[in-house]
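J.: Can you keep this structure in mind? I'll have questions shortly.
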Amino acid sequence: MTAKTVTRFAPSPTGYLHLGHAWSALFAEQQSRLAGGTFLLRIEDIDPTRCKPEFTAAIIEDLTWLGLRWDGVVRHQSRHMTDYAAALDTLRRKGVLYPCFCTRREIAEEAAAAGYAPHLIGDDDVGVTYPGTCRHLTVAERAEKEQRNQGQMNWRLDVAAALRLAGELTWQDVAAGVRVARPQDFGDVVLARKDVPTSYHLSVTVDDALQDVTLVTRGTDLFRATDIHRLLQALLDLPVPQYHHHTLLTDATGRRYAKRDQSVTLRALRESGKTPEALRQELPSIP
């Protein structure tokens with residue numbers, strides 16, 4: 001028996017939805033409906049400093065106006081931190097996590113001195129691959145730094161150790177075919193921060209498994225991030241969905257839409273008198 005197709009749209013409530021979000025949400029919904037499956041809505045609100053309740057409410061309002069209908073209860077990541085903590089505990093027991101006490105400035109300076117290439121995913125918001133400084137600390141050094149920092153630290157994935165456990169990994173994209181995962185290209189990514197007890201990589205991987213998502217649809221800007229998610233799936237013994245990374249919607253100049261583009265938010269278009277039917281007709285056809 002063929003498994004039911006389950007897709008999801010998972011925005012972060014850090015601003016109002018724009019045209020690119022609308023197209024991505026419609027894409028995910030269509031992929032599920034064509035297969036007679038399930039379309040889920042998830043609010044990725046793990047960062048309390050950037051995510052706002054008013055934006056969460058606006059997401060629900062905008063998607064309802066657009067005519068999307070999701071199945072089941074909306075999952076809010078901020079209400080499920082115990083799920084991510086349990087995943088972190090599993091990774092600790094496997095010996096693939098280590099505490100990191102480096103500041104963003106220290107990471108940038110050391111990476112520059114060592115000649116590290118720019119990071120493809122932007123870990124630590126410094127644009128470079130983490131050089132692995134804290135991976136080499138002794139037990140005593142870690143204890144001393146933890147005491148000095150009053151227990152405030154990030155937790156990083158020891159990718160080399162993780163790959164020794166997992167071996168070679170692949171994943172499949174509907175458009176690009178079978179891909180060999182290369183999580184080592186991104187260095188030891190952060191899985192939990194001192195101010196946020198999880199990360200995008202960890203929470204999205206855990207949630208897709210808990211919600212039985214079988215087809216992950218998202219933009220091509222997250223294509224390579226799947227390498228990291230595939231490694232986490234192997235370490236946590238989670239099912240591996242298929243992926244479909246769609247092209248990013250851009251404006252007339254070729255620039256991708258962003259939340260700073262207030263003129264193309266769904267809220268602004270609604271207030272200007274745009275109807276959802278007209279908006280759907282103006283968006284590019286979904287392949």
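Residue numbering restarts at 1 for every chain of the structure tokens, chains are lettered A, B, ... in their displayed order, and ligands are numbered from 1 as they appear.
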Which residues come within 12 Å of Glu282 (chain A), counting only C-alpha atoms, excluding same-chain residues fewer than 5 positions away, as a list in words?
T.: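 Answer for this query is Leu19, Ala22, Trp23, Lys274, Thr275, Pro276 and Glu277 of chain A.
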J.: Take the selection from the previous step and output its residues with N, CA, C and O atoms, as a PDB file, in the first residue's frame.
T.:
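Result file selection_17.pdb:
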ATOM      1  N   LEU A  19       4.811  37.595  -1.130  1.00  0.00           N
ATOM      2  CA  LEU A  19       4.389  36.814  -2.298  1.00  0.00           C
ATOM      3  C   LEU A  19       5.134  35.491  -2.407  1.00  0.00           C
ATOM      4  O   LEU A  19       4.563  34.481  -2.814  1.00  0.00           O
ATOM      5  N   ALA A  22       3.474  33.053  -0.203  1.00  0.00           N
ATOM      6  CA  ALA A  22       2.198  32.618  -0.769  1.00  0.00           C
ATOM      7  C   ALA A  22       2.414  31.512  -1.799  1.00  0.00           C
ATOM      8  O   ALA A  22       1.716  30.488  -1.792  1.00  0.00           O
ATOM      9  N   TRP A  23       3.395  31.730  -2.675  1.00  0.00           N
ATOM     10  CA  TRP A  23       3.651  30.742  -3.726  1.00  0.00           C
ATOM     11  C   TRP A  23       4.148  29.424  -3.126  1.00  0.00           C
ATOM     12  O   TRP A  23       3.745  28.349  -3.544  1.00  0.00           O
ATOM     13  N   LYS A 274      -6.600  44.023  -3.384  1.00  0.00           N
ATOM     14  CA  LYS A 274      -6.338  42.794  -4.151  1.00  0.00           C
ATOM     15  C   LYS A 274      -7.202  41.662  -3.611  1.00  0.00           C
ATOM     16  O   LYS A 274      -7.353  41.502  -2.398  1.00  0.00           O
ATOM     17  N   THR A 275      -7.762  40.869  -4.497  1.00  0.00           N
ATOM     18  CA  THR A 275      -8.538  39.706  -4.078  1.00  0.00           C
ATOM     19  C   THR A 275      -7.659  38.469  -4.137  1.00  0.00           C
ATOM     20  O   THR A 275      -6.684  38.423  -4.914  1.00  0.00           O
ATOM     21  N   PRO A 276      -7.966  37.444  -3.339  1.00  0.00           N
ATOM     22  CA  PRO A 276      -7.147  36.224  -3.410  1.00  0.00           C
ATOM     23  C   PRO A 276      -7.199  35.570  -4.787  1.00  0.00           C
ATOM     24  O   PRO A 276      -6.211  34.997  -5.243  1.00  0.00           O
ATOM     25  N   GLU A 277      -8.343  35.671  -5.459  1.00  0.00           N
ATOM     26  CA  GLU A 277      -8.462  35.089  -6.798  1.00  0.00           C
ATOM     27  C   GLU A 277      -7.522  35.789  -7.782  1.00  0.00           C
ATOM     28  O   GLU A 277      -6.833  35.142  -8.581  1.00  0.00           O
TER      29      GLU A 277
END
J.: Kindly provide the residues of region 107-212 of chain A that approach region 46-62 of chain A to within 8 Å, each paired with its closest atom pair and their distance in Å to one decimal, based on only C-alpha atoms, listed by chain and increasing number, as a Markdown table.
T.:
| residue | atom | partner | partner_atom | distance |
| --- | --- | --- | --- | --- |
| A:Val196 | CA | A:Asp47 | CA | 6.2 |
| A:Thr198 | CA | A:Ile46 | CA | 7.3 |
| A:Ser199 | CA | A:Ile46 | CA | 7.6 |
J.: List every residue of region 86-259 of chain A that DSSP, applied to the backbone of this structure, places in strand (DSSP E or B), and write the result as a ChimeraX atom specification.
T.: /A:97-100,118,128,154-157,170-173,177-180,190-192,215-219,242-246,250,256
J.: So how far away is CA of Val206 (chain A) from CA of Ala86 (chain A), in Å?
T.: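 Distance reported for this atom pair: 9.9 Å.
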J.: Please list as a list in words every residue within 8 Å of region 72-85 of chain A, counting only C-alpha atoms and excluding residues in the same chain fewer than 2 positions away.
T.: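 So the residues in contact are Leu40, Leu41, Arg42, Ile43, Glu44, Asp45, Ile46, Trp70, Ala87, Leu88, Asp89, Pro197, Thr198, Leu202, Ser203 and Val206 of chain A.
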J.: Kindly give the distance, in Å, that separates CA of Arg260 (chain A) and CA of Glu29 (chain A), rounded to a single decimal.
T.: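 We find that CA of Arg260 (chain A) and CA of Glu29 (chain A) lie 25.0 Å from each other.
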J.: Residues at most 9 Å from Thr226 (chain A), counting only C-alpha atoms, excluding those fewer than 2 positions away in the same chain, as a CSV table (one decimal) with N, CA and C atoms, in the first residue's frame?
T.:
chain,number,residue,atom,x,y,z
A,171,TRP,N,19.9,11.3,-0.1
A,171,TRP,CA,18.5,11.7,0.0
A,171,TRP,C,18.1,12.0,-1.4
A,181,ALA,N,24.8,13.1,0.5
A,181,ALA,CA,24.9,14.2,1.6
A,181,ALA,C,26.3,14.5,1.9
A,183,PRO,N,27.4,16.8,4.7
A,183,PRO,CA,27.2,17.7,5.9
A,183,PRO,C,28.6,18.2,6.4
A,201,HIS,N,17.9,23.5,12.3
A,201,HIS,CA,18.3,22.2,11.8
A,201,HIS,C,17.6,21.1,12.6
A,222,LEU,N,17.3,26.3,0.6
A,222,LEU,CA,17.6,25.4,1.7
A,222,LEU,C,18.0,24.0,1.1
A,223,PHE,N,18.3,24.0,-0.2
A,223,PHE,CA,18.7,22.7,-0.8
A,223,PHE,C,19.8,22.0,0.0
A,224,ARG,N,20.9,22.7,0.2
A,224,ARG,CA,22.1,22.1,0.8
A,224,ARG,C,21.9,21.8,2.3
A,228,ILE,N,22.6,18.3,6.2
A,228,ILE,CA,22.6,18.2,7.6
A,228,ILE,C,21.4,17.5,8.2
A,229,HIS,N,20.3,17.8,7.6
A,229,HIS,CA,19.0,17.1,8.1
A,229,HIS,C,19.1,15.6,7.9
A,230,ARG,N,19.7,15.2,6.8
A,230,ARG,CA,19.8,13.8,6.5
A,230,ARG,C,20.7,13.1,7.6
A,231,LEU,N,21.8,13.8,8.0
A,231,LEU,CA,22.7,13.2,9.0
A,231,LEU,C,21.9,13.1,10.3
A,243,TYR,N,12.1,15.0,-0.9
A,243,TYR,CA,12.2,16.5,-0.9
A,243,TYR,C,11.8,17.0,-2.3
J.: Run DSSP on the backbone and tell me which residues of region 49-256 of chain A come out as helix (DSSP H, G or I); list them as a PyMOL selection string.
T.: chain A and resi 53-66+77-79+81-93+104-114+123-125+133-136+139-148+159-166+183-186+200-210+220-222+225-236
J.: Residues near Ala161 (chain A), anyone? I mean within 12 Å using only C-alpha atoms, not counting same-chain ones fewer than 5 positions away, as number ranges by chain.
T.: A: 91-92, 94-98, 135, 156, 166-167, 183-184, 187-188, 231, 235
J.: Can you write just those residues out, N, CA, C and O atoms, as a compact mmCIF listing (two decimals), in the first residue's frame?
T.:
# COMPACT_ATOMS: atom_id res chain seq x y z
N LEU A 91 21.60 12.61 21.11
CA LEU A 91 22.87 12.93 20.45
C LEU A 91 24.02 13.00 21.45
O LEU A 91 25.14 12.58 21.14
N ARG A 92 23.75 13.49 22.64
CA ARG A 92 24.79 13.52 23.68
C ARG A 92 25.22 12.10 24.05
O ARG A 92 26.41 11.81 24.20
N LYS A 94 25.21 9.58 22.27
CA LYS A 94 25.98 9.00 21.17
C LYS A 94 27.35 9.65 21.02
O LYS A 94 28.15 9.24 20.17
N GLY A 95 27.62 10.67 21.82
CA GLY A 95 28.94 11.30 21.79
C GLY A 95 29.20 12.18 20.59
O GLY A 95 30.35 12.36 20.19
N VAL A 96 28.14 12.78 20.01
CA VAL A 96 28.33 13.60 18.82
C VAL A 96 27.99 15.07 19.06
O VAL A 96 27.87 15.85 18.11
N LEU A 97 27.83 15.46 20.33
CA LEU A 97 27.61 16.86 20.69
C LEU A 97 28.75 17.35 21.56
O LEU A 97 29.29 16.57 22.35
N TYR A 98 29.09 18.61 21.44
CA TYR A 98 30.05 19.19 22.38
C TYR A 98 29.68 20.65 22.63
O TYR A 98 29.10 21.31 21.77
N ARG A 135 35.90 21.94 19.94
CA ARG A 135 35.89 20.48 19.79
C ARG A 135 37.13 19.87 20.41
O ARG A 135 37.12 18.72 20.87
N ARG A 156 27.19 22.09 19.73
CA ARG A 156 27.49 21.84 18.32
C ARG A 156 27.52 20.35 18.01
O ARG A 156 27.86 19.53 18.86
N ALA A 166 27.28 7.23 11.14
CA ALA A 166 26.22 7.14 10.13
C ALA A 166 26.69 6.56 8.81
O ALA A 166 25.91 5.92 8.09
N GLY A 167 27.94 6.78 8.44
CA GLY A 167 28.42 6.32 7.14
C GLY A 167 27.92 7.22 6.02
O GLY A 167 27.42 8.31 6.25
N PRO A 183 27.38 16.77 4.75
CA PRO A 183 27.25 17.70 5.88
C PRO A 183 28.58 18.25 6.36
O PRO A 183 28.63 19.30 6.99
N GLN A 184 29.66 17.55 6.06
CA GLN A 184 30.99 18.02 6.49
C GLN A 184 31.36 19.36 5.84
O GLN A 184 32.24 20.07 6.34
N GLY A 187 30.81 22.33 8.42
CA GLY A 187 31.42 22.38 9.73
C GLY A 187 30.49 21.89 10.82
O GLY A 187 29.43 21.33 10.55
N ASP A 188 30.87 22.12 12.06
CA ASP A 188 30.10 21.65 13.21
C ASP A 188 28.99 22.64 13.53
O ASP A 188 29.18 23.60 14.30
N LEU A 231 21.79 13.80 7.97
CA LEU A 231 22.68 13.25 9.00
C LEU A 231 21.94 13.13 10.33
O LEU A 231 22.06 12.11 11.03
N LEU A 235 21.24 9.78 12.73
CA LEU A 235 21.66 9.70 14.12
C LEU A 235 20.49 9.45 15.06
O LEU A 235 20.63 8.76 16.08
J.: Go through A:Thr250, A:Gln242, A:Thr170, A:Thr214 and flag the residue nearest Ala3 (chain A), using only C-alpha atoms for the distances.
T.: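 Checking each of A:Thr250, A:Gln242, A:Thr170, A:Thr214 against Ala3 (chain A), counting only C-alpha atoms, the winner is A:Thr214.
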